[in-house]
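Visitor: What follows is the file final_37.tsv, containing TSV, C-alpha atoms:
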chain	number	residue	atom	x	y	z
A	1	MET	CA	104.58	91.20	133.53
A	2	ALA	CA	104.27	89.75	130.03
A	3	ASP	CA	107.39	89.05	128.00
A	4	VAL	CA	108.03	91.59	125.26
A	5	THR	CA	109.61	90.27	122.07
A	6	ILE	CA	111.80	92.77	120.25
A	7	ARG	CA	111.76	91.88	116.58
A	8	ASP	CA	114.42	92.62	114.03
A	9	PRO	CA	113.34	95.02	111.27
A	10	GLN	CA	111.88	93.62	108.07
A	11	PRO	CA	114.43	92.60	105.43
A	12	VAL	CA	114.99	95.22	102.72
A	13	PRO	CA	116.82	93.99	99.61
A	14	MET	CA	119.36	96.24	97.91
A	15	LEU	CA	117.56	95.47	94.64
A	16	ASP	CA	114.64	93.22	93.76
A	17	PHE	CA	114.41	92.36	90.05
A	18	SER	CA	111.22	90.36	90.54
A	19	ARG	CA	109.08	93.41	91.30
A	20	GLN	CA	109.76	95.08	87.96
A	21	PHE	CA	109.44	91.84	86.03
A	22	ALA	CA	106.04	91.14	87.60
A	23	ILE	CA	104.75	94.42	86.16
A	24	LEU	CA	106.24	93.93	82.68
A	25	ARG	CA	106.17	90.15	82.45
A	26	GLN	CA	103.82	89.77	79.48
A	27	GLU	CA	105.28	92.67	77.49
A	28	ILE	CA	108.78	91.29	77.92
A	29	LEU	CA	107.81	87.73	77.05
A	30	ASP	CA	105.93	88.94	73.97
A	31	SER	CA	108.98	90.94	72.84
A	32	ILE	CA	111.25	87.92	73.26
A	33	GLU	CA	108.82	85.67	71.41
A	34	ALA	CA	108.79	88.13	68.50
A	35	VAL	CA	112.58	87.87	68.25
A	36	CYS	CA	112.44	84.09	68.31
A	37	ALA	CA	109.81	84.10	65.57
A	38	SER	CA	111.86	86.48	63.42
A	39	GLN	CA	115.05	84.38	63.74
A	40	HIS	CA	117.12	87.59	63.55
A	41	PHE	CA	119.07	87.21	66.76
A	42	ILE	CA	122.06	89.55	66.27
A	43	LEU	CA	121.69	93.18	65.09
A	44	GLY	CA	118.17	92.38	63.94
A	45	PRO	CA	115.30	94.83	63.40
A	46	GLN	CA	114.75	95.10	67.15
A	47	VAL	CA	118.27	96.52	67.50
A	48	THR	CA	117.60	99.15	64.85
A	49	SER	CA	114.29	100.02	66.50
A	50	PHE	CA	115.86	100.36	69.94
A	51	GLU	CA	118.71	102.46	68.57
A	52	HIS	CA	116.19	104.89	67.07
A	53	ALA	CA	114.21	105.07	70.33
A	54	ALA	CA	117.37	105.55	72.43
A	55	ALA	CA	118.66	108.28	70.11
A	56	LEU	CA	115.34	110.09	70.45
A	57	ALA	CA	115.44	109.77	74.27
A	58	CYS	CA	118.99	111.16	74.35
A	59	ALA	CA	118.25	113.93	71.80
A	60	VAL	CA	121.04	112.80	69.45
A	61	PRO	CA	121.00	111.74	65.79
A	62	HIS	CA	123.04	108.56	66.34
A	63	ALA	CA	122.90	105.63	68.78
A	64	ILE	CA	124.91	102.42	68.33
A	65	GLY	CA	124.00	99.29	70.30
A	66	CYS	CA	126.84	97.08	71.52
A	67	ALA	CA	127.53	94.13	73.77
A	68	SER	CA	128.21	95.85	77.11
A	69	GLY	CA	128.82	99.14	78.85
A	70	THR	CA	132.53	98.35	78.96
A	71	ASP	CA	132.57	97.90	75.19
A	72	ALA	CA	130.59	101.12	74.84
A	73	ILE	CA	133.35	103.15	76.51
A	74	TRP	CA	135.98	101.53	74.31
A	75	LEU	CA	133.87	102.04	71.17
A	76	ALA	CA	133.23	105.71	71.98
A	77	LEU	CA	136.95	106.33	72.47
A	78	ALA	CA	138.16	104.26	69.53
A	79	ALA	CA	135.51	105.62	67.15
A	80	ALA	CA	136.78	109.12	68.03
A	81	ASN	CA	140.25	107.94	66.90
A	82	ILE	CA	141.80	107.91	70.35
A	83	GLY	CA	144.73	105.51	70.41
A	84	PRO	CA	148.48	105.05	70.98
A	85	GLY	CA	150.27	108.30	71.74
A	86	ASP	CA	147.12	109.91	73.13
A	87	ALA	CA	146.33	110.53	76.79
A	88	VAL	CA	142.85	110.62	78.32
A	89	ILE	CA	142.07	112.22	81.69
A	90	THR	CA	139.47	110.56	83.88
A	91	THR	CA	138.55	109.90	87.50
A	92	PRO	CA	140.05	107.42	89.97
A	93	PHE	CA	136.65	107.04	91.64
A	94	SER	CA	134.74	104.88	89.17
A	95	PHE	CA	134.24	101.31	88.03
A	96	PHE	CA	137.32	99.63	86.57
A	97	ALA	CA	136.03	99.77	82.98
A	98	THR	CA	136.48	103.54	82.83
A	99	VAL	CA	140.27	103.14	82.85
A	100	SER	CA	140.55	99.68	81.28
A	101	ALA	CA	138.74	100.94	78.15
A	102	ILE	CA	141.35	103.69	77.75
A	103	LEU	CA	144.11	101.10	78.01
A	104	ARG	CA	142.31	98.86	75.51
A	105	CYS	CA	142.50	101.73	72.99
A	106	GLY	CA	146.26	101.86	73.49
A	107	ALA	CA	145.96	105.31	75.05
A	108	THR	CA	147.39	106.46	78.39
A	109	PRO	CA	145.04	107.10	81.32
A	110	LEU	CA	145.77	110.18	83.42
A	111	LEU	CA	143.80	110.68	86.62
A	112	ALA	CA	142.47	113.76	88.39
A	113	ASP	CA	140.66	114.00	91.72
A	114	ILE	CA	136.93	114.36	92.28
A	115	ASP	CA	134.58	117.03	93.58
A	116	PRO	CA	133.92	116.27	97.29
A	117	ALA	CA	130.22	117.13	97.05
A	118	THR	CA	129.11	115.22	93.96
A	119	PHE	CA	131.90	112.59	93.67
A	120	ASN	CA	132.21	113.50	89.98
A	121	LEU	CA	135.48	114.34	88.25
A	122	SER	CA	136.64	117.84	89.17
A	123	ALA	CA	137.21	120.12	86.18
A	124	ALA	CA	139.62	122.18	88.29
A	125	SER	CA	141.69	119.06	89.00
A	126	VAL	CA	141.60	118.19	85.29
A	127	GLU	CA	142.93	121.65	84.43
A	128	GLU	CA	145.84	121.11	86.81
A	129	VAL	CA	146.75	117.95	84.90
A	130	LEU	CA	146.39	119.72	81.56
A	131	ARG	CA	148.82	122.42	82.70
A	132	SER	CA	151.34	119.90	84.06
A	133	THR	CA	154.19	118.27	82.16
A	134	VAL	CA	152.12	115.12	81.49
A	135	GLY	CA	149.25	117.11	79.98
A	136	LYS	CA	150.74	117.81	76.57
A	137	ASN	CA	149.44	114.59	74.95
A	138	VAL	CA	145.91	114.80	76.29
A	139	LYS	CA	143.37	114.33	73.50
A	140	ALA	CA	140.22	113.74	75.53
A	141	VAL	CA	138.61	113.95	78.94
A	142	LEU	CA	136.32	111.15	80.12
A	143	PRO	CA	134.08	112.40	82.95
A	144	VAL	CA	131.83	109.86	84.66
A	145	HIS	CA	128.24	110.82	85.53
A	146	LEU	CA	128.54	108.97	88.82
A	147	TYR	CA	125.49	107.60	90.65
A	148	GLY	CA	123.18	109.18	88.04
A	149	GLN	CA	124.23	112.84	88.27
A	150	CYS	CA	125.93	114.55	85.34
A	151	ALA	CA	129.38	116.01	85.87
A	152	ASP	CA	129.74	119.81	85.79
A	153	TRP	CA	129.39	120.15	82.02
A	154	ASP	CA	129.66	123.92	82.02
A	155	ALA	CA	133.18	123.59	83.38
A	156	PHE	CA	134.11	120.74	81.05
A	157	ALA	CA	132.77	122.57	78.01
A	158	ALA	CA	135.05	125.48	78.92
A	159	LEU	CA	138.00	123.10	79.12
A	160	LYS	CA	137.10	121.73	75.70
A	161	ARG	CA	137.11	125.22	74.19
A	162	ASN	CA	140.28	126.34	75.92
A	163	HIS	CA	142.36	123.22	75.31
A	164	ASN	CA	140.88	121.81	72.07
A	165	LEU	CA	139.80	118.52	73.66
A	166	LEU	CA	137.32	115.79	72.93
A	167	LEU	CA	134.78	115.14	75.69
A	168	ILE	CA	133.56	111.56	76.05
A	169	GLU	CA	130.81	110.87	78.60
A	170	ASP	CA	130.92	107.74	80.73
A	171	ALA	CA	127.17	107.80	81.22
A	172	ALA	CA	126.90	104.15	82.28
A	173	GLN	CA	124.80	105.09	85.34
A	174	ALA	CA	122.94	108.05	83.90
A	175	PHE	CA	120.40	107.18	81.21
A	176	GLY	CA	117.74	109.88	81.52
A	177	ALA	CA	119.90	112.29	83.52
A	178	THR	CA	120.27	115.88	82.29
A	179	TRP	CA	122.53	118.91	82.62
A	180	ASN	CA	120.78	122.24	82.10
A	181	SER	CA	117.96	120.19	80.54
A	182	VAL	CA	120.30	118.56	77.96
A	183	PRO	CA	120.22	114.75	78.25
A	184	ALA	CA	123.26	112.72	79.16
A	185	GLY	CA	124.48	111.29	75.88
A	186	ALA	CA	124.08	114.61	74.07
A	187	LEU	CA	126.60	116.63	76.08
A	188	GLY	CA	129.91	115.36	74.73
A	189	ASP	CA	131.40	114.31	71.41
A	190	ALA	CA	130.29	110.77	72.26
A	191	ALA	CA	128.86	108.94	75.26
A	192	ALA	CA	128.77	105.39	76.61
A	193	PHE	CA	125.85	103.74	78.41
A	194	SER	CA	125.59	100.43	80.24
A	195	PHE	CA	122.42	98.35	80.46
A	196	TYR	CA	123.77	95.89	83.02
A	197	PRO	CA	120.79	94.44	84.95
A	198	THR	CA	121.25	96.79	87.93
A	199	LYS	CA	121.05	99.98	85.85
A	200	ASN	CA	118.04	102.32	85.67
A	201	LEU	CA	117.45	101.09	82.11
A	202	SER	CA	118.38	97.44	82.38
A	203	ALA	CA	118.75	94.52	80.02
A	204	MET	CA	118.33	90.86	80.97
A	205	GLY	CA	122.05	90.36	80.53
A	206	ASP	CA	124.89	92.52	79.24
A	207	ALA	CA	124.26	95.32	76.74
A	208	GLY	CA	125.56	98.80	76.00
A	209	LEU	CA	125.11	101.84	73.77
A	210	VAL	CA	127.18	104.63	72.24
A	211	THR	CA	125.53	107.95	71.40
A	212	THR	CA	127.00	110.78	69.38
A	213	THR	CA	126.14	113.87	67.37
A	214	SER	CA	128.95	113.03	64.93
A	215	ALA	CA	128.17	111.10	61.74
A	216	ALA	CA	131.86	110.13	61.50
A	217	ILE	CA	131.95	108.66	65.03
A	218	ASP	CA	128.67	106.85	64.37
A	219	ASP	CA	130.01	105.28	61.18
A	220	HIS	CA	133.32	104.29	62.79
A	221	ALA	CA	131.64	102.75	65.85
A	222	ARG	CA	129.40	100.59	63.66
A	223	VAL	CA	132.45	99.28	61.80
A	224	LEU	CA	134.42	98.64	64.99
A	225	ARG	CA	131.62	96.71	66.71
A	226	ALA	CA	131.58	94.17	63.84
A	227	HIS	CA	135.26	93.22	63.52
A	228	GLY	CA	136.09	96.27	61.39
A	229	MET	CA	133.80	95.16	58.55
A	230	ARG	CA	131.79	97.30	56.19
A	231	ARG	CA	131.20	94.34	53.89
A	232	ARG	CA	130.94	90.82	55.26
A	233	TYR	CA	134.38	89.19	55.45
A	234	TYR	CA	136.19	92.35	54.25
A	235	HIS	CA	137.96	93.84	57.27
A	236	ASP	CA	139.07	97.45	56.84
A	237	GLU	CA	140.58	97.60	60.33
A	238	ILE	CA	140.83	95.54	63.49
A	239	GLY	CA	137.63	95.94	65.45
A	240	TRP	CA	135.91	93.64	67.90
A	241	ASN	CA	132.82	91.48	68.25
A	242	SER	CA	130.56	93.82	70.21
A	243	ARG	CA	127.19	93.40	68.59
A	244	LEU	CA	123.94	93.92	70.52
A	245	ASP	CA	121.68	90.89	70.38
A	246	SER	CA	118.07	91.35	69.37
A	247	ILE	CA	116.54	89.90	72.54
A	248	GLN	CA	118.31	92.44	74.73
A	249	ALA	CA	117.31	95.26	72.37
A	250	ALA	CA	113.68	94.13	72.43
A	251	VAL	CA	113.62	94.04	76.23
A	252	LEU	CA	115.31	97.44	76.45
A	253	GLU	CA	112.80	99.06	74.12
A	254	VAL	CA	109.94	97.81	76.28
A	255	LYS	CA	111.59	99.20	79.41
A	256	LEU	CA	112.57	102.49	77.79
A	257	ARG	CA	108.90	103.44	77.58
A	258	TYR	CA	108.68	103.28	81.38
A	259	LEU	CA	112.02	104.89	82.21
A	260	PRO	CA	110.83	108.52	82.71
A	261	LYS	CA	108.32	107.27	85.30
A	262	TRP	CA	110.91	105.04	86.98
A	263	ASN	CA	113.49	107.83	87.17
A	264	GLN	CA	110.91	110.13	88.74
A	265	GLN	CA	110.13	107.43	91.31
A	266	ARG	CA	113.85	107.27	92.12
A	267	ARG	CA	113.93	111.04	92.63
A	268	ASP	CA	110.88	110.75	94.88
A	269	HIS	CA	112.58	108.00	96.91
A	270	ALA	CA	115.72	110.14	97.26
A	271	ALA	CA	113.65	113.07	98.54
A	272	ARG	CA	111.92	110.75	101.02
A	273	TYR	CA	115.25	109.40	102.26
A	274	ASP	CA	116.39	112.99	102.77
A	275	GLN	CA	113.26	113.79	104.78
A	276	LEU	CA	113.56	110.66	106.91
A	277	PHE	CA	117.22	111.26	107.70
A	278	HIS	CA	116.55	114.87	108.66
A	279	ALA	CA	113.58	113.85	110.82
A	280	ALA	CA	115.81	111.34	112.61
A	281	ASN	CA	118.41	114.07	113.31
A	282	LEU	CA	121.12	111.98	111.66
A	283	THR	CA	122.45	114.47	109.13
A	284	ALA	CA	125.49	116.71	109.21
A	285	SER	CA	127.66	118.72	106.86
A	286	ASN	CA	130.70	116.53	107.53
A	287	VAL	CA	131.23	112.88	108.44
A	288	SER	CA	132.78	113.65	111.81
A	289	GLU	CA	129.40	114.90	113.03
A	290	GLY	CA	126.93	112.53	111.33
A	291	ILE	CA	125.68	111.27	107.98
A	292	VAL	CA	126.29	113.39	104.91
A	293	LEU	CA	123.44	113.05	102.40
A	294	PRO	CA	123.85	113.16	98.61
A	295	ILE	CA	124.02	116.61	97.06
A	296	THR	CA	122.32	117.46	93.76
A	297	ASP	CA	123.71	120.30	91.69
A	298	PRO	CA	120.77	122.59	90.79
A	299	ARG	CA	121.81	122.39	87.12
A	300	ALA	CA	121.58	118.60	87.15
A	301	GLY	CA	118.60	116.35	86.56
A	302	HIS	CA	119.69	113.53	88.88
A	303	VAL	CA	118.29	110.03	88.22
A	304	PHE	CA	119.64	108.42	91.41
A	305	HIS	CA	121.05	105.23	90.02
A	306	GLN	CA	122.34	105.03	93.59
A	307	TYR	CA	121.46	106.89	96.78
A	308	VAL	CA	124.84	107.22	98.48
A	309	ILE	CA	125.46	108.52	101.98
A	310	ARG	CA	128.81	109.28	103.61
A	311	THR	CA	129.71	108.15	107.12
A	312	SER	CA	132.95	107.77	109.06
A	313	ARG	CA	131.61	104.47	110.46
A	314	ARG	CA	130.76	103.00	107.07
A	315	ASP	CA	132.07	99.46	107.55
A	316	GLU	CA	130.49	99.07	111.01
A	317	LEU	CA	127.18	100.39	109.73
A	318	ARG	CA	127.19	98.10	106.72
A	319	GLN	CA	127.81	95.08	108.92
A	320	TYR	CA	125.00	96.16	111.24
A	321	LEU	CA	122.59	96.47	108.29
A	322	ALA	CA	123.67	93.12	106.83
A	323	GLU	CA	123.01	91.36	110.14
A	324	ARG	CA	119.45	92.67	109.90
A	325	LYS	CA	119.09	91.66	106.24
A	326	ILE	CA	119.09	95.22	104.94
A	327	GLY	CA	120.99	95.60	101.69
A	328	SER	CA	123.75	98.09	101.00
A	329	GLU	CA	126.77	98.30	98.71
A	330	ILE	CA	130.07	100.15	98.41
A	331	TYR	CA	130.70	101.98	95.13
A	332	TYR	CA	133.75	101.92	95.22
A	333	PRO	CA	135.97	100.53	98.00
A	334	VAL	CA	139.31	100.88	96.17
A	335	PRO	CA	140.09	103.89	93.95
A	336	LEU	CA	141.47	102.95	90.55
A	337	HIS	CA	144.94	104.36	91.20
A	338	LEU	CA	145.32	101.85	94.06
A	339	GLN	CA	144.20	98.80	92.07
A	340	THR	CA	147.01	96.23	91.80
A	341	SER	CA	146.53	95.74	88.07
A	342	LEU	CA	146.93	99.49	87.43
A	343	SER	CA	150.14	99.97	89.40
A	344	GLN	CA	151.96	100.65	86.11
A	345	LEU	CA	150.17	104.01	85.97
A	346	GLY	CA	152.62	105.17	88.63
A	347	TYR	CA	150.20	106.58	91.20
A	348	LYS	CA	150.41	105.99	94.94
A	349	GLN	CA	148.42	106.34	98.15
A	350	GLY	CA	147.79	110.01	98.86
A	351	ASP	CA	147.79	111.18	95.25
A	352	PHE	CA	143.99	111.66	95.18
A	353	PRO	CA	142.93	112.34	98.77
A	354	ILE	CA	139.31	113.24	98.02
A	355	SER	CA	138.75	109.98	96.12
A	356	GLU	CA	140.52	108.01	98.83
A	357	ALA	CA	138.37	109.55	101.56
A	358	ALA	CA	135.19	108.81	99.59
A	359	ALA	CA	136.25	105.18	99.15
A	360	HIS	CA	136.31	104.82	102.94
A	361	GLU	CA	133.04	106.64	103.60
A	362	VAL	CA	130.44	105.99	100.88
A	363	LEU	CA	127.55	103.58	101.32
A	364	ALA	CA	124.75	103.01	98.83
A	365	LEU	CA	121.32	102.24	100.28
A	366	PRO	CA	118.43	100.36	98.64
A	367	MET	CA	117.21	102.35	95.63
A	368	TYR	CA	114.91	101.17	92.85
A	369	PRO	CA	111.52	102.32	91.56
A	370	GLU	CA	109.53	99.60	93.31
A	371	LEU	CA	111.04	100.32	96.75
A	372	ARG	CA	108.26	100.89	99.28
A	373	GLU	CA	107.91	103.77	101.73
A	374	ASP	CA	107.78	101.40	104.70
A	375	GLU	CA	111.05	99.81	103.52
A	376	GLN	CA	112.73	103.20	103.39
A	377	GLN	CA	111.45	103.90	106.88
A	378	THR	CA	112.94	100.59	108.03
A	379	VAL	CA	116.32	101.46	106.51
A	380	VAL	CA	116.49	104.84	108.24
A	381	ASP	CA	115.09	103.55	111.55
A	382	THR	CA	117.74	100.82	111.59
A	383	ILE	CA	120.51	103.33	110.88
A	384	ALA	CA	119.15	105.53	113.67
A	385	THR	CA	119.26	102.54	116.02
A	386	PHE	CA	122.87	101.90	115.04
A	387	TYR	CA	123.87	105.46	115.88
A	388	ALA	CA	121.86	105.43	119.10
Take the structure I supplied and represent it as structure tokens, if you would.

Guide:
Amino acid sequence: MADVTIRDPQPVPMLDFSRQFAILRQEILDSIEAVCASQHFILGPQVTSFEHAAALACAVPHAIGCASGTDAIWLALAAANIGPGDAVITTPFSFFATVSAILRCGATPLLADIDPATFNLSAASVEEVLRSTVGKNVKAVLPVHLYGQCADWDAFAALKRNHNLLLIEDAAQAFGATWNSVPAGALGDAAAFSFYPTKNLSAMGDAGLVTTTSAAIDDHARVLRAHGMRRRYYHDEIGWNSRLDSIQAAVLEVKLRYLPKWNQQRRDHAARYDQLFHAANLTASNVSEGIVLPITDPRAGHVFHQYVIRTSRRDELRQYLAERKIGSEIYYPVPLHLQTSLSQLGYKQGDFPISEAAAHEVLALPMYPELREDEQQTVVDTIATFYA
């Protein structure tokens, strides 16, 4: 009898920048060369052009480019005059910048638990905080549109009306997402976007954006991003150096033209993952019985920055995939209230059980527009083999 060689599955990278660059290579290089020829490297005409295009895409009158997504959150808060004495409610299940930007403003972060289905900040949990003894100084709520799905904006808009709050969107992962057909960036008083290279709309380095419908917030953000200057060397207040450079803006404007197509490809990939997991009989409604697939609220236009499953055997599965060169990532392994550097907030293990459970169960699978169908099949087949 002939020997049979059982081969490992093909490698599937978590993300492959080279595929997108191969498609856009000449357009991107031409845009960079134009910046070099202009010699306007910081806040040049390319920045103004991208700001106009981004504002149009987000259906807002104002968009302010800045140096990073982290700076964008800080700028959105500070430009809305949130500072010492104010409290801001946000989620413990997010990237660190969501809370660190609040602290950078001099405000106090207050946390509320998440919705178990979407992982987004729960408006009901926020209302509990607002009605508690610590809720009296709350000036704003900062929901995160996690993984590319907008938070329940109907519920947050009701909170805004009932409690006279500002709503600031952390839309770092959600450029192109919608809620009831309204784009992320146009839902709140202001919004913050990140263009970190892994994002759906990605720079070739760090870059960020603030959007707003408020002329006052727009004006204030532009002053703050340039050391508090309206006139060169005349500083009206203490701002920061958070200017968007022209090369990043030029690259982003090229990519923005393709983003609707790319986001649709991500939605198509998510639907295909769903089909493959169901066909493999791997899915369940709770993690004790199998894999829980991502849930999309019917009011949301999800852009699937990440495709995130839940499993009780997350760490074992991730190791199994890594051994077979299949990418995955954990967003996020430690909730913010359990981060060592945030211990001064006074929270402890058990305070946010839904966030803590998610941190032990979530696993992001390969997701980007250029991902191939055969690669998705490999991912799901390998997971099926693990469970078998």

Visitor: Just give me the gap between CA of Asp315 in chain A and CA of Leu345 in chain A in Å, one decimal is fine.

Guide: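 Taking CA of Asp315 in chain A and CA of Leu345 in chain A, their separation equals 28.5 Å.
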
Visitor: Residues of range 269-381 of chain A that approach range 107-110 of chain A to 10 Å or less, counting all atoms listed in the file: could you list each one with the shortest pair of atoms and its distance in Å to one decimal, rows by chain and increasing residue number, as JSON lines?

Guide:
{"residue": "A:His337", "atom": "CA", "partner": "A:Leu110", "partner_atom": "CA", "distance": 9.8}
{"residue": "A:Leu342", "atom": "CA", "partner": "A:Pro109", "partner_atom": "CA", "distance": 9.9}
{"residue": "A:Leu345", "atom": "CA", "partner": "A:Pro109", "partner_atom": "CA", "distance": 7.6}
{"residue": "A:Gly346", "atom": "CA", "partner": "A:Leu110", "partner_atom": "CA", "distance": 10.0}
{"residue": "A:Tyr347", "atom": "CA", "partner": "A:Leu110", "partner_atom": "CA", "distance": 9.6}

Visitor: Looking at all atoms listed in the file, which of A:Phe21, A:Phe277, A:Phe175, A:Tyr320 is the one that sits closest to Pro9 in chain A?

Guide: A:Tyr320

Visitor: Quick one: everything within 9 Å of range 196-205 of chain A, counting only C-alpha atoms, minus sequence neighbours fewer than 5 positions away in the same chain. Send it as a VMD selection string.

Guide: chain A and resid 15 17 68 to 69 148 172 to 176 247 to 249 251 to 252 255 to 256 259 262 to 263 303 to 305 368 to 369

Visitor: I'd like to know which of A:Asn281, A:Gln344, A:Thr133, A:Gln377 is closest to Ile326 in chain A, using all atoms listed in the file.

Guide: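 Closest to Ile326 in chain A of all the choices is A:Gln377.
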
Visitor: I need the residue nearest Leu363 in chain A from this list: A:Ile89, A:Val182, A:Ala79, A:Ile291. Use all atoms listed in the file for the distance.

Guide: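 The answer is A:Ile291, which sits nearest to Leu363 in chain A.
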
Visitor: To one decimal in Å, tell me the separation between CA of Thr296 in chain A and CA of Leu165 in chain A.

Guide: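 Rounded to one decimal, the two atoms are 26.7 Å apart.
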
Visitor: Given all atoms listed in the file as the basis, pick out the residue of A:Gly239, A:Gly188, A:Gly208, A:Gly85 nearest to Ala221 in chain A.

Guide: A:Gly239

Visitor: Please work out which residues fall within 7 Å of (128.7, 113.5, 75.4), coordinates as given in the file, with all atoms listed in the file counting, and return them as a PDB file with C-alpha atoms, keeping the file's coordinate frame.

Guide:
ATOM      1  CA  LEU A 167     134.780 115.140  75.690  1.00  0.00           C
ATOM      2  CA  ILE A 168     133.560 111.560  76.050  1.00  0.00           C
ATOM      3  CA  GLU A 169     130.810 110.870  78.600  1.00  0.00           C
ATOM      4  CA  ALA A 184     123.260 112.720  79.160  1.00  0.00           C
ATOM      5  CA  GLY A 185     124.480 111.290  75.880  1.00  0.00           C
ATOM      6  CA  ALA A 186     124.080 114.610  74.070  1.00  0.00           C
ATOM      7  CA  LEU A 187     126.600 116.630  76.080  1.00  0.00           C
ATOM      8  CA  GLY A 188     129.910 115.360  74.730  1.00  0.00           C
ATOM      9  CA  ASP A 189     131.400 114.310  71.410  1.00  0.00           C
ATOM     10  CA  ALA A 190     130.290 110.770  72.260  1.00  0.00           C
ATOM     11  CA  ALA A 191     128.860 108.940  75.260  1.00  0.00           C
ATOM     12  CA  THR A 212     127.000 110.780  69.380  1.00  0.00           C
TER      13      THR A 212
END

Visitor: Which residue is closest to Asp268 in chain A? Choose from A:Pro61, A:Thr283, A:Pro84, A:Met367 and count all atoms listed in the file.

Guide: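 Among the listed residues, the smallest separation from Asp268 in chain A belongs to A:Met367.
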
Visitor: Any idea what the distance is between CA of Ala384 in chain A and CA of Val12 in chain A?

Guide: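 Those two atoms sit 15.6 Å apart.
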
Visitor: Show which residues sit within 9 Å of Leu43 in chain A, as a ChimeraX atom specification. Count only C-alpha atoms, and ignore same-chain residues fewer than 5 positions away.

Guide: /A:48,65,243-246,249

Visitor: Looking at all atoms listed in the file, which of A:Asn180, A:Asn137, A:Thr385, A:Gln20 is the one that sits closest to Asp154 in chain A?

Guide: A:Asn180

Visitor: Tell me, as a list in words, which residues lie within 8 Å of range 99-105 of chain A, counting all atoms listed in the file; anything in the same chain fewer than 6 positions away does not count.

Guide: Thr70, Asp71, Ile73, Trp74, Leu77, Ala78, Ile82, Gly83, Pro84, Val88, Thr90 and Leu336 of chain A

Visitor: Grab the residues selected above and save them as a JSON list (two decimals), keeping the file's coordinate frame with C-alpha atoms.

Guide:
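Below you can see part30.json, which holds the result:
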[["chain", "number", "residue", "atom", "x", "y", "z"],
["A", 70, "THR", "CA", 132.53, 98.35, 78.96],
["A", 71, "ASP", "CA", 132.57, 97.90, 75.19],
["A", 73, "ILE", "CA", 133.35, 103.15, 76.51],
["A", 74, "TRP", "CA", 135.98, 101.53, 74.31],
["A", 77, "LEU", "CA", 136.95, 106.33, 72.47],
["A", 78, "ALA", "CA", 138.16, 104.26, 69.53],
["A", 82, "ILE", "CA", 141.80, 107.91, 70.35],
["A", 83, "GLY", "CA", 144.73, 105.51, 70.41],
["A", 84, "PRO", "CA", 148.48, 105.05, 70.98],
["A", 88, "VAL", "CA", 142.85, 110.62, 78.32],
["A", 90, "THR", "CA", 139.47, 110.56, 83.88],
["A", 336, "LEU", "CA", 141.47, 102.95, 90.55]]

Visitor: Fewer than 3 positions away in the same chain doesn't count, so skip those; otherwise give me all residues within 9 Å of Val35 in chain A, counting all atoms listed in the file, as a list of chain:residue names.

Guide: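 These residues fall inside the cut-off: A:Asp30, A:Ser31, A:Ile32, A:Ser38, A:Gln39, A:His40, A:Phe41, A:Gly44, A:Pro45, A:Gln46, A:Ser246, A:Ile247, A:Ala250.
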
Visitor: Compute the distance from (122.7, 105.4, 119.3) to each atom, counting only C-alpha atoms, keep the residues with any atom at most 12 Å away, and return them as a VMD selection string; use the coordinates of the file.

Guide: chain A and resid 280 to 282 290 317 381 to 388

Visitor: Enclose all atoms of range 63-70 of chain A listed in the file in an axis-aligned box, grow every side by 4 Å, and hand back centre and edge lengths in Å to one decimal, as JSON.

Guide:
{"center_x": 127.7, "center_y": 99.9, "center_z": 73.6, "size_x": 17.6, "size_y": 19.5, "size_z": 18.6}
